[in-house]
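Here is the file target_17.cif (mmCIF, C-alpha atoms).
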```
data_work
loop_
_atom_site.label_atom_id
_atom_site.label_comp_id
_atom_site.auth_asym_id
_atom_site.auth_seq_id
_atom_site.Cartn_x
_atom_site.Cartn_y
_atom_site.Cartn_z
CA MET A 1288 113.59 92.63 74.03
CA GLU A 1289 114.03 92.41 70.30
CA ASN A 1290 112.85 95.52 68.58
CA ASN A 1291 111.45 95.07 65.10
CA TRP A 1292 109.50 98.27 65.02
CA PRO A 1293 110.04 100.42 61.93
CA ILE A 1294 112.18 103.55 62.09
CA TRP A 1295 110.67 107.02 61.75
CA GLU A 1296 112.38 110.31 60.95
CA ILE A 1297 111.34 113.19 63.16
CA PHE A 1298 111.02 116.84 62.14
CA ILE A 1299 110.39 119.60 64.65
CA ARG A 1300 109.38 123.22 64.11
CA SER A 1301 110.89 125.26 66.90
CA LYS A 1302 108.65 128.28 66.46
CA ASN A 1303 106.14 129.80 64.11
CA GLY A 1304 107.63 131.04 60.88
CA LEU A 1305 110.57 128.64 60.93
CA ASN A 1306 110.88 125.42 58.98
CA HIS A 1307 110.48 121.95 60.39
CA LYS A 1308 113.99 120.63 60.91
CA HIS A 1309 115.18 117.05 61.02
CA VAL A 1310 116.14 116.24 64.62
CA GLY A 1311 116.67 112.47 64.57
CA SER A 1312 114.89 109.16 64.35
CA LEU A 1313 113.13 106.66 66.59
CA HIS A 1314 111.22 103.37 66.59
CA ALA A 1315 107.43 103.13 66.59
CA THR A 1316 104.76 100.77 65.27
CA ASP A 1317 102.68 103.46 63.58
CA ALA A 1318 102.41 107.20 62.98
CA GLU A 1319 100.48 107.92 66.15
CA MET A 1320 103.02 106.15 68.35
CA ALA A 1321 105.83 107.86 66.43
CA MET A 1322 104.23 111.21 67.23
CA GLN A 1323 103.95 110.42 70.95
CA ASN A 1324 107.46 109.03 71.07
CA ALA A 1325 108.78 112.12 69.30
CA ARG A 1326 107.05 114.29 71.86
CA ASP A 1327 108.65 112.31 74.68
CA VAL A 1328 112.12 111.99 73.19
CA TYR A 1329 112.63 115.25 71.28
CA THR A 1330 110.53 117.99 72.88
CA ARG A 1331 111.38 117.57 76.58
CA ARG A 1332 113.22 120.87 76.73
CA ASN A 1333 110.79 123.12 74.90
CA GLU A 1334 112.30 122.37 71.53
CA GLY A 1335 109.16 122.60 69.49
CA ILE A 1336 105.62 123.60 68.72
CA SER A 1337 104.96 121.20 65.86
CA ILE A 1338 106.06 117.69 64.94
CA TRP A 1339 106.19 115.86 61.61
CA VAL A 1340 106.93 112.15 61.47
CA VAL A 1341 107.81 110.22 58.31
CA GLU A 1342 108.57 106.54 58.15
CA SER A 1343 112.19 106.29 57.07
CA LYS A 1344 111.46 103.94 54.17
CA HIS A 1345 109.51 106.71 52.46
CA ILE A 1346 112.53 108.96 52.23
CA SER A 1347 114.60 108.77 49.06
CA ALA A 1348 118.18 109.80 49.58
CA SER A 1349 120.88 110.83 47.12
CA ASP A 1350 123.63 108.30 46.55
CA PRO A 1351 126.89 109.29 48.29
CA ASP A 1352 128.82 107.70 45.39
CA GLU A 1353 127.30 110.26 43.05
CA GLY A 1354 128.41 113.11 45.30
CA GLU A 1355 131.08 114.37 42.90
CA SER A 1356 128.84 114.62 39.89
CA LEU A 1357 125.92 116.05 41.88
CA PHE A 1358 127.63 118.67 43.98
CA ASP A 1359 131.16 119.47 42.81
CA PRO A 1360 130.04 121.33 39.65
CA ALA A 1361 128.67 124.10 41.88
CA ASN A 1362 132.10 124.69 43.45
CA ASP A 1363 133.51 127.15 40.89
CA LYS A 1364 130.35 129.04 40.08
CA VAL A 1365 130.61 131.89 42.54
CA TYR A 1366 128.48 134.07 40.26
CA ARG A 1367 125.47 132.09 41.46
CA HIS A 1368 125.77 133.77 44.86
CA PRO A 1369 124.14 137.19 44.87
CA THR A 1370 127.24 138.74 46.49
CA PHE A 1371 128.11 141.15 43.68
CA TYR A 1372 125.23 143.52 44.23
CA ASN A 1373 125.73 146.71 46.21
CA LEU A 1374 123.00 146.81 48.80
CA PRO A 1375 121.76 150.00 50.43
CA ASP A 1376 122.84 150.32 54.09
CA GLU A 1377 119.24 150.41 55.30
CA LEU A 1378 118.70 146.87 54.08
CA LYS A 1379 119.42 144.43 56.90
CA HIS A 1380 119.37 140.65 57.17
CA MET A 1381 120.19 139.86 53.54
CA MET B 1379 94.99 124.80 111.02
CA ALA B 1380 92.24 123.40 108.82
CA ASN B 1381 93.03 119.73 109.19
CA HIS B 1382 90.91 118.39 106.39
CA LEU B 1383 92.58 120.71 103.88
CA HIS B 1384 96.03 119.65 105.04
CA ASP B 1385 95.08 115.96 104.95
CA PHE B 1386 93.67 116.39 101.47
CA LEU B 1387 96.85 118.07 100.22
CA ILE B 1388 98.94 115.28 101.72
CA HIS B 1389 96.70 112.72 100.04
CA LEU B 1390 96.97 114.43 96.63
CA GLY B 1391 100.71 114.86 96.97
CA ASP B 1392 101.32 111.30 98.16
CA ASN B 1393 99.42 109.85 95.20
CA ALA B 1394 101.69 111.73 92.81
CA LEU B 1395 104.86 111.16 94.83
CA ILE B 1396 104.48 107.41 95.27
CA LEU B 1397 103.47 106.75 91.67
CA GLY B 1398 106.23 109.06 90.48
CA HIS B 1399 108.73 107.09 92.54
CA ARG B 1400 107.42 103.78 91.23
CA LEU B 1401 107.85 104.99 87.64
CA SER B 1402 111.30 106.37 88.42
CA GLU B 1403 112.35 102.83 89.38
CA LEU B 1404 111.94 101.99 85.70
CA THR B 1405 114.27 104.68 84.43
CA SER B 1406 116.81 102.91 82.19
CA HIS B 1407 114.78 99.67 82.46
CA GLY B 1408 112.01 100.52 79.96
CA PRO B 1409 111.14 97.98 77.26
CA VAL B 1410 112.40 100.31 74.52
CA LEU B 1411 114.23 103.62 74.68
CA GLU B 1412 111.20 105.65 73.59
CA GLN B 1413 108.94 104.23 76.33
CA ASP B 1414 111.71 104.47 78.89
CA MET B 1415 111.73 108.19 78.18
CA ALA B 1416 107.94 108.40 78.24
CA MET B 1417 107.74 106.82 81.69
CA THR B 1418 110.60 108.91 83.01
CA ASN B 1419 108.86 112.04 81.74
CA ILE B 1420 105.66 111.05 83.51
CA ALA B 1421 107.62 110.32 86.70
CA LEU B 1422 109.13 113.81 86.54
CA ASP B 1423 105.73 115.40 85.93
CA LEU B 1424 104.33 113.61 88.98
CA VAL B 1425 107.20 114.56 91.27
CA GLY B 1426 106.83 118.15 90.03
CA GLN B 1427 103.13 118.10 90.93
CA THR B 1428 104.05 116.70 94.34
CA ARG B 1429 106.39 119.61 94.96
CA ASN B 1430 103.73 122.19 94.17
CA ILE B 1431 101.23 120.47 96.44
CA PHE B 1432 103.63 119.96 99.34
CA GLN B 1433 104.80 123.56 99.18
CA VAL B 1434 101.23 124.60 99.95
CA ALA B 1435 100.93 121.92 102.65
CA ALA B 1436 104.21 123.04 104.24
CA LYS B 1437 103.00 126.64 104.41
CA LEU B 1438 99.81 125.48 106.08
CA GLN B 1439 101.74 123.30 108.49
CA GLY B 1440 104.27 125.95 109.54
CA ASN B 1441 106.86 125.01 112.18
CA GLY B 1442 109.66 124.95 109.62
CA ALA B 1443 108.04 122.24 107.51
CA THR B 1444 109.25 122.06 103.91
CA GLU B 1445 108.26 120.10 100.84
CA ASP B 1446 111.25 117.83 101.57
CA SER B 1447 110.43 117.23 105.21
CA ILE B 1448 106.91 116.24 104.20
CA ALA B 1449 108.08 113.95 101.41
CA TYR B 1450 110.97 112.27 103.19
CA THR B 1451 110.54 112.23 106.94
CA ARG B 1452 107.17 110.63 107.52
CA ASP B 1453 106.51 106.99 108.33
CA ALA B 1454 104.31 104.74 106.23
CA THR B 1455 101.19 105.22 108.37
CA SER B 1456 101.27 108.98 107.68
CA TYR B 1457 101.12 108.47 103.91
CA LYS B 1458 97.65 108.93 102.47
CA ASN B 1459 98.12 107.68 98.92
CA ILE B 1460 95.70 105.15 97.45
CA LEU B 1461 96.93 101.54 97.52
CA LEU B 1462 96.85 101.35 93.72
CA VAL B 1463 99.86 103.62 93.22
CA GLU B 1464 102.14 101.76 95.63
CA GLN B 1465 101.63 98.41 93.86
CA LYS B 1466 104.78 97.08 92.27
CA ASN B 1467 105.58 97.76 88.64
CA GLY B 1468 105.28 94.13 87.54
CA ASP B 1469 105.53 93.76 83.78
CA PHE B 1470 104.89 96.59 81.29
CA ALA B 1471 101.18 95.67 81.10
CA LYS B 1472 100.77 96.10 84.84
CA THR B 1473 102.69 99.39 84.86
CA VAL B 1474 100.53 100.70 82.03
CA LEU B 1475 97.23 99.56 83.54
CA ARG B 1476 98.05 101.00 86.97
CA GLN B 1477 98.82 104.28 85.22
CA PHE B 1478 95.60 104.18 83.21
CA PHE B 1479 93.36 103.54 86.22
CA TYR B 1480 95.07 106.38 88.07
CA ASP B 1481 95.16 108.80 85.12
CA ALA B 1482 91.48 108.24 84.35
CA PHE B 1483 90.64 109.10 87.95
CA ASN B 1484 93.11 111.93 88.18
CA TYR B 1485 91.95 113.54 84.96
CA HIS B 1486 88.37 113.81 86.18
CA ALA B 1487 89.40 114.76 89.71
CA TYR B 1488 91.66 117.57 88.49
CA GLN B 1489 88.95 118.85 86.14
CA ARG B 1490 87.07 119.51 89.37
CA LEU B 1491 90.05 120.93 91.22
CA LEU B 1492 90.36 123.55 88.46
CA LYS B 1493 87.18 124.98 89.97
CA SER B 1494 88.36 124.63 93.57
CA SER B 1495 87.40 127.37 96.02
CA ASN B 1496 91.01 127.15 97.24
CA LYS B 1497 93.09 129.38 94.95
CA ASP B 1498 96.34 127.47 95.52
CA ILE B 1499 94.75 124.17 94.56
CA ALA B 1500 93.07 125.69 91.50
CA ALA B 1501 96.44 127.07 90.37
CA ILE B 1502 98.17 123.72 90.88
CA ALA B 1503 95.40 121.99 88.95
CA GLU B 1504 95.69 124.41 86.07
CA LYS B 1505 99.34 123.54 85.61
CA ALA B 1506 98.89 119.81 86.25
CA ILE B 1507 95.88 119.20 84.03
CA LYS B 1508 97.91 119.58 80.83
CA GLU B 1509 100.36 116.97 82.04
CA ILE B 1510 97.62 114.64 83.26
CA THR B 1511 95.78 114.93 79.94
CA TYR B 1512 98.90 113.67 78.18
CA HIS B 1513 99.46 110.89 80.75
CA LEU B 1514 95.92 109.63 80.17
CA LYS B 1515 96.40 109.70 76.41
CA TRP B 1516 99.63 107.72 76.77
CA SER B 1517 98.33 105.09 79.17
CA ALA B 1518 94.93 104.66 77.44
CA GLU B 1519 96.65 104.16 74.12
CA TRP B 1520 98.88 101.46 75.57
CA VAL B 1521 95.93 99.66 77.17
CA ILE B 1522 94.35 99.54 73.71
CA ARG B 1523 97.55 98.39 72.03
CA LEU B 1524 98.18 95.64 74.55
CA GLY B 1525 94.57 94.48 74.77
CA ASP B 1526 94.07 94.48 71.02
CA GLY B 1527 97.63 93.36 70.27
CA THR B 1528 99.08 89.87 70.31
CA GLU B 1529 97.92 86.85 72.28
CA GLU B 1530 100.82 87.43 74.66
CA SER B 1531 100.09 91.13 75.25
CA ASN B 1532 96.39 90.40 75.68
CA SER B 1533 97.02 87.71 78.29
CA ARG B 1534 99.41 90.01 80.15
CA ILE B 1535 97.01 92.93 80.33
CA ASN B 1536 94.26 90.56 81.44
CA ALA B 1537 96.50 89.30 84.23
CA ALA B 1538 97.13 92.93 85.19
CA ILE B 1539 93.37 93.58 85.31
CA ASP B 1540 92.96 90.61 87.69
CA ASP B 1541 95.75 92.01 89.88
CA LEU B 1542 94.72 95.66 89.94
CA TRP B 1543 90.95 95.79 89.66
CA PRO B 1544 90.47 95.19 93.41
CA TYR B 1545 92.41 98.43 94.04
CA THR B 1546 90.15 100.67 91.96
CA GLU B 1547 87.21 101.19 94.28
CA GLU B 1548 89.30 102.93 96.93
CA MET B 1549 89.52 105.99 94.67
CA PHE B 1550 85.77 106.52 95.08
CA LYS B 1551 85.46 105.62 98.74
CA PHE B 1552 85.75 109.14 99.99
CA THR B 1553 87.29 109.82 103.37
CA ASP B 1554 86.12 112.35 105.93
CA TYR B 1555 88.74 114.86 104.81
CA GLU B 1556 87.74 114.56 101.15
CA LEU B 1557 84.07 114.98 102.03
CA ALA B 1558 84.84 117.98 104.24
CA CYS B 1559 86.77 119.53 101.32
CA HIS B 1560 83.84 118.76 99.09
CA ASP B 1561 81.48 120.59 101.45
CA GLU B 1562 83.66 123.69 101.30
CA GLY B 1563 83.98 123.64 97.51
CA ILE B 1564 87.68 122.79 97.70
CA PHE B 1565 86.97 119.52 95.84
CA PRO B 1566 83.67 120.19 94.06
CA ASP B 1567 81.28 117.59 92.65
CA ILE B 1568 83.24 114.72 94.14
CA HIS B 1569 80.43 112.20 93.58
CA GLY B 1570 80.33 112.72 89.83
CA ILE B 1571 83.82 111.30 89.32
CA LYS B 1572 82.96 107.63 89.47
CA ALA B 1573 80.46 107.71 86.60
CA GLU B 1574 83.00 109.50 84.40
CA TRP B 1575 85.75 107.07 85.37
CA ASP B 1576 83.47 104.09 84.64
CA GLU B 1577 82.65 105.53 81.24
CA GLU B 1578 86.33 106.18 80.43
CA VAL B 1579 87.31 102.63 81.41
CA LYS B 1580 84.36 101.11 79.56
CA ASN B 1581 85.23 102.94 76.33
CA ILE B 1582 88.93 102.21 76.39
CA PHE B 1583 88.40 98.56 77.37
CA ALA B 1584 85.88 98.17 74.54
CA GLU B 1585 88.42 99.48 72.07
CA ALA B 1586 91.05 97.21 73.62
CA THR B 1587 88.72 94.17 73.36
CA LEU B 1588 88.94 93.80 77.15
CA THR B 1589 86.13 93.01 79.55
CA VAL B 1590 85.40 95.26 82.51
CA PRO B 1591 85.39 92.91 85.52
CA GLU B 1592 82.49 92.51 87.90
CA ASP B 1593 83.10 94.28 91.18
CA GLY B 1594 84.21 91.78 93.77
CA TRP B 1595 86.03 92.19 97.03
CA MET B 1596 87.94 95.47 97.12
CA HIS B 1597 90.98 96.68 99.04
CA ASP B 1598 91.07 100.01 100.79
CA GLY B 1599 92.88 101.80 103.59
CA GLY B 1600 95.66 103.72 101.89
CA LYS B 1601 93.92 107.06 102.21
CA ARG B 1602 93.68 106.47 105.95
CA GLY B 1603 97.32 105.39 106.29
CA VAL B 1604 96.72 101.63 106.24
CA HIS B 1605 99.02 100.40 103.50
CA SER B 1606 100.06 97.23 101.73
CA GLU B 1607 103.45 95.72 102.58
CA HIS B 1608 104.97 97.31 99.47
CA LEU B 1609 104.99 100.88 100.75
CA GLY B 1610 107.54 100.26 103.51
CA PHE B 1611 110.09 98.92 101.05
CA LEU B 1612 109.45 101.80 98.67
CA LEU B 1613 109.91 104.37 101.45
CA ALA B 1614 113.07 102.68 102.70
CA GLU B 1615 114.66 103.37 99.34
CA MET B 1616 113.05 106.74 98.67
CA GLN B 1617 113.84 108.19 102.09
CA PHE B 1618 117.27 106.67 102.62
CA LEU B 1619 119.31 109.75 101.78
CA GLN B 1620 117.32 112.22 103.88
CA ARG B 1621 117.22 109.76 106.79
CA ALA B 1622 120.94 109.00 106.69
CA TYR B 1623 122.04 112.58 105.96
CA PRO B 1624 119.27 114.87 107.25
CA GLY B 1625 118.94 118.15 105.38
CA GLN B 1626 121.27 117.00 102.60
CA GLN B 1627 120.90 119.01 99.40
CA TRP B 1628 122.32 118.88 95.90
#
```
Encoded form using structure tokens:
Amino acid sequence: MENNWPIWEIFIRSKNGLNHKHVGSLHATDAEMAMQNARDVYTRRNEGISIWVVESKHISASDPDEGESLFDPANDKVYRHPTFYNLPDELKHM
Amino acid sequence: MANHLHDFLIHLGDNALILGHRLSELTSHGPVLEQDMAMTNIALDLVGQTRNIFQVAAKLQGNGATEDSIAYTRDATSYKNILLVEQKNGDFAKTVLRQFFYDAFNYHAYQRLLKSSNKDIAAIAEKAIKEITYHLKWSAEWVIRLGDGTEESNSRINAAIDDLWPYTEEMFKFTDYELACHDEGIFPDIHGIKAEWDEEVKNIFAEATLTVPEDGWMHDGGKRGVHSEHLGFLLAEMQFLQRAYPGQQW
């Protein structure tokens, strides 16, 4: 069967307090079907407690050809990482 | 041994087992990957429900009976599933409609089993009802999509209605063992199910622009062990391994 259904990007939140994370994509005719399909394809093994679906055409992506100008300038700016502070020992998970 | 309770458990388990097996035949043959997964998930839910039910039946039966011996070593006349669930998959419309008719019944039946006087059955129902609620949502939505879809999908679901409608009444033709369970509160308010099923079908069909058929001649017999010719073929495949290699495990 030919499949002309639009593609949807699926985001799953694995537990409360965490972000929704992109897990993959699938085909569906509308948001409701995308939600059901996401449930059936991506949450079979207890992966999530919340689903977001977004039709792929609504996502704007950065251009890979612009990668150098977008991302390379951050390479030599280590001072942007907060690694030069001395943290007290009691402070965990920083 | 309370025979009516055992018969009722076998009936409940067989409904889930046979429909689960039918759906499992479609694994890797679904129309699209996403629906292939959906049907496989439902098949797994149903086989899981069967296991829970047959474990209780096996305990009741004693004599070394197990969930496997009940599932795999009976002949067709001992199966008590409704005829609807053994009907062949046909096209996607028929698979979906068979599921919808069953889910709509099952949903309202299991709502009652939640309040069963039998603690084992109430516990099984509590676990199963969440799955069944999703199954009904899935199948009802597809009936609407196909009915209110294209000319092709509409004609296919209408053909499925012609095929399957005569198998619907059996669900409400209660057997002696169901009525005995009803009297003991194991299957409460059995007679209220039909009105709720009718309402469910009426609403979904209306949304799907489909017409609920007039009741004509209806099949029955499955619950008493009188089956259509399809069940034998299904069992031949489903039971092959346990028949050829008794006690085989993996």
Decode the PyMOL selection byres ((chain A and resi 1329-1338) around 12) for the given file into explicit residues and return them as a PDB file with C-alpha atoms, keeping the file's coordinate frame.
```pdb
ATOM      1  CA  GLU A1296     112.380 110.310  60.950  1.00  0.00           C
ATOM      2  CA  ILE A1297     111.340 113.190  63.160  1.00  0.00           C
ATOM      3  CA  PHE A1298     111.020 116.840  62.140  1.00  0.00           C
ATOM      4  CA  ILE A1299     110.390 119.600  64.650  1.00  0.00           C
ATOM      5  CA  ARG A1300     109.380 123.220  64.110  1.00  0.00           C
ATOM      6  CA  SER A1301     110.890 125.260  66.900  1.00  0.00           C
ATOM      7  CA  LYS A1302     108.650 128.280  66.460  1.00  0.00           C
ATOM      8  CA  ASN A1303     106.140 129.800  64.110  1.00  0.00           C
ATOM      9  CA  GLY A1304     107.630 131.040  60.880  1.00  0.00           C
ATOM     10  CA  LEU A1305     110.570 128.640  60.930  1.00  0.00           C
ATOM     11  CA  ASN A1306     110.880 125.420  58.980  1.00  0.00           C
ATOM     12  CA  HIS A1307     110.480 121.950  60.390  1.00  0.00           C
ATOM     13  CA  LYS A1308     113.990 120.630  60.910  1.00  0.00           C
ATOM     14  CA  HIS A1309     115.180 117.050  61.020  1.00  0.00           C
ATOM     15  CA  VAL A1310     116.140 116.240  64.620  1.00  0.00           C
ATOM     16  CA  GLY A1311     116.670 112.470  64.570  1.00  0.00           C
ATOM     17  CA  SER A1312     114.890 109.160  64.350  1.00  0.00           C
ATOM     18  CA  LEU A1313     113.130 106.660  66.590  1.00  0.00           C
ATOM     19  CA  ALA A1318     102.410 107.200  62.980  1.00  0.00           C
ATOM     20  CA  GLU A1319     100.480 107.920  66.150  1.00  0.00           C
ATOM     21  CA  ALA A1321     105.830 107.860  66.430  1.00  0.00           C
ATOM     22  CA  MET A1322     104.230 111.210  67.230  1.00  0.00           C
ATOM     23  CA  GLN A1323     103.950 110.420  70.950  1.00  0.00           C
ATOM     24  CA  ASN A1324     107.460 109.030  71.070  1.00  0.00           C
ATOM     25  CA  ALA A1325     108.780 112.120  69.300  1.00  0.00           C
ATOM     26  CA  ARG A1326     107.050 114.290  71.860  1.00  0.00           C
ATOM     27  CA  ASP A1327     108.650 112.310  74.680  1.00  0.00           C
ATOM     28  CA  VAL A1328     112.120 111.990  73.190  1.00  0.00           C
ATOM     29  CA  TRP A1339     106.190 115.860  61.610  1.00  0.00           C
ATOM     30  CA  VAL A1340     106.930 112.150  61.470  1.00  0.00           C
ATOM     31  CA  VAL A1341     107.810 110.220  58.310  1.00  0.00           C
TER      32      VAL A1341
ATOM     33  CA  GLU B1412     111.200 105.650  73.590  1.00  0.00           C
ATOM     34  CA  MET B1415     111.730 108.190  78.180  1.00  0.00           C
ATOM     35  CA  ALA B1416     107.940 108.400  78.240  1.00  0.00           C
ATOM     36  CA  THR B1418     110.600 108.910  83.010  1.00  0.00           C
ATOM     37  CA  ASN B1419     108.860 112.040  81.740  1.00  0.00           C
ATOM     38  CA  ILE B1420     105.660 111.050  83.510  1.00  0.00           C
ATOM     39  CA  LEU B1422     109.130 113.810  86.540  1.00  0.00           C
ATOM     40  CA  ASP B1423     105.730 115.400  85.930  1.00  0.00           C
TER      41      ASP B1423
END
```
* Would you kindly identify which residues have an atom no farther than 12 Å from (86.5, 100.9, 71.7), using all atoms listed in the file and the file's own coordinates, and write them out as a VMD selection string? => chain B and resid 1518 to 1519 1521 to 1523 1525 to 1526 1577 to 1589
Let me have the centre and edge lengths of the axis-aligned box enclosing all listed atoms of segment 1440-1444 of chain B with 4 Å padding on every side, in Å to one decimal, as AutoDock Vina command-line options.
```
--center_x 107.0 --center_y 124.0 --center_z 108.0 --size_x 13.4 --size_y 11.9 --size_z 16.3
```
What lies within 12 Å of Leu1613 of chain B using all atoms listed in the file, ignoring chain neighbours under 6 positions off, as a PDB file with C-alpha atoms, in the frame of the given file?
```
ATOM      1  CA  ASP B1392     101.320 111.300  98.160  1.00  0.00           C
ATOM      2  CA  LEU B1395     104.860 111.160  94.830  1.00  0.00           C
ATOM      3  CA  ILE B1396     104.480 107.410  95.270  1.00  0.00           C
ATOM      4  CA  LEU B1397     103.470 106.750  91.670  1.00  0.00           C
ATOM      5  CA  HIS B1399     108.730 107.090  92.540  1.00  0.00           C
ATOM      6  CA  ARG B1400     107.420 103.780  91.230  1.00  0.00           C
ATOM      7  CA  ALA B1449     108.080 113.950 101.410  1.00  0.00           C
ATOM      8  CA  TYR B1450     110.970 112.270 103.190  1.00  0.00           C
ATOM      9  CA  THR B1451     110.540 112.230 106.940  1.00  0.00           C
ATOM     10  CA  ARG B1452     107.170 110.630 107.520  1.00  0.00           C
ATOM     11  CA  ASP B1453     106.510 106.990 108.330  1.00  0.00           C
ATOM     12  CA  ALA B1454     104.310 104.740 106.230  1.00  0.00           C
ATOM     13  CA  THR B1455     101.190 105.220 108.370  1.00  0.00           C
ATOM     14  CA  SER B1456     101.270 108.980 107.680  1.00  0.00           C
ATOM     15  CA  TYR B1457     101.120 108.470 103.910  1.00  0.00           C
ATOM     16  CA  GLU B1464     102.140 101.760  95.630  1.00  0.00           C
ATOM     17  CA  HIS B1605      99.020 100.400 103.500  1.00  0.00           C
ATOM     18  CA  GLU B1607     103.450  95.720 102.580  1.00  0.00           C
ATOM     19  CA  LEU B1619     119.310 109.750 101.780  1.00  0.00           C
ATOM     20  CA  GLN B1620     117.320 112.220 103.880  1.00  0.00           C
ATOM     21  CA  ARG B1621     117.220 109.760 106.790  1.00  0.00           C
TER      22      ARG B1621
END
```
* Asked: Once you count all atoms listed in the file, which residues end up no further than 9 Å from (85.8, 97.2, 92.2) in the file's frame, shown as a list in words?
  -> Trp1543, Pro1544, Tyr1545, Thr1546, Glu1547, Glu1548, Pro1591, Glu1592, Asp1593, Gly1594, Trp1595, Met1596 and His1597 of chain B
* To do: With the file shown as input, list the residues that the PyMOL selection byres ((chain B and resi 1513) around 10) selects, as a PyMOL selection string.
  => chain B and resi 1416-1417+1419-1420+1423-1424+1477-1478+1480-1482+1484-1485+1507-1512+1514-1519
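Nearest-residue note for Trp1520 of chain B: choosing from A:Thr1316, A:Ser1349, A:Asp1359, A:Leu1374, the minimum distance belongs to A:Thr1316, counting all atoms listed in the file.
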* Rank B:Ala1573, B:Ala1622, B:Cys1559, B:Val1410 by their smallest atom-to-atom distance to chain A, using all atoms listed in the file, and report the top residue only. => B:Val1410
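Closest approach to Gly1563 of chain B among B:Asn1459, B:Ala1500, B:Gly1426, B:Ser1406: B:Ala1500, based on only C-alpha atoms.
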* Structure fact -> Pairwise distance, atom CA of Leu1438 of chain B with atom CA of Lys1572 of chain B, equals 29.6 Å
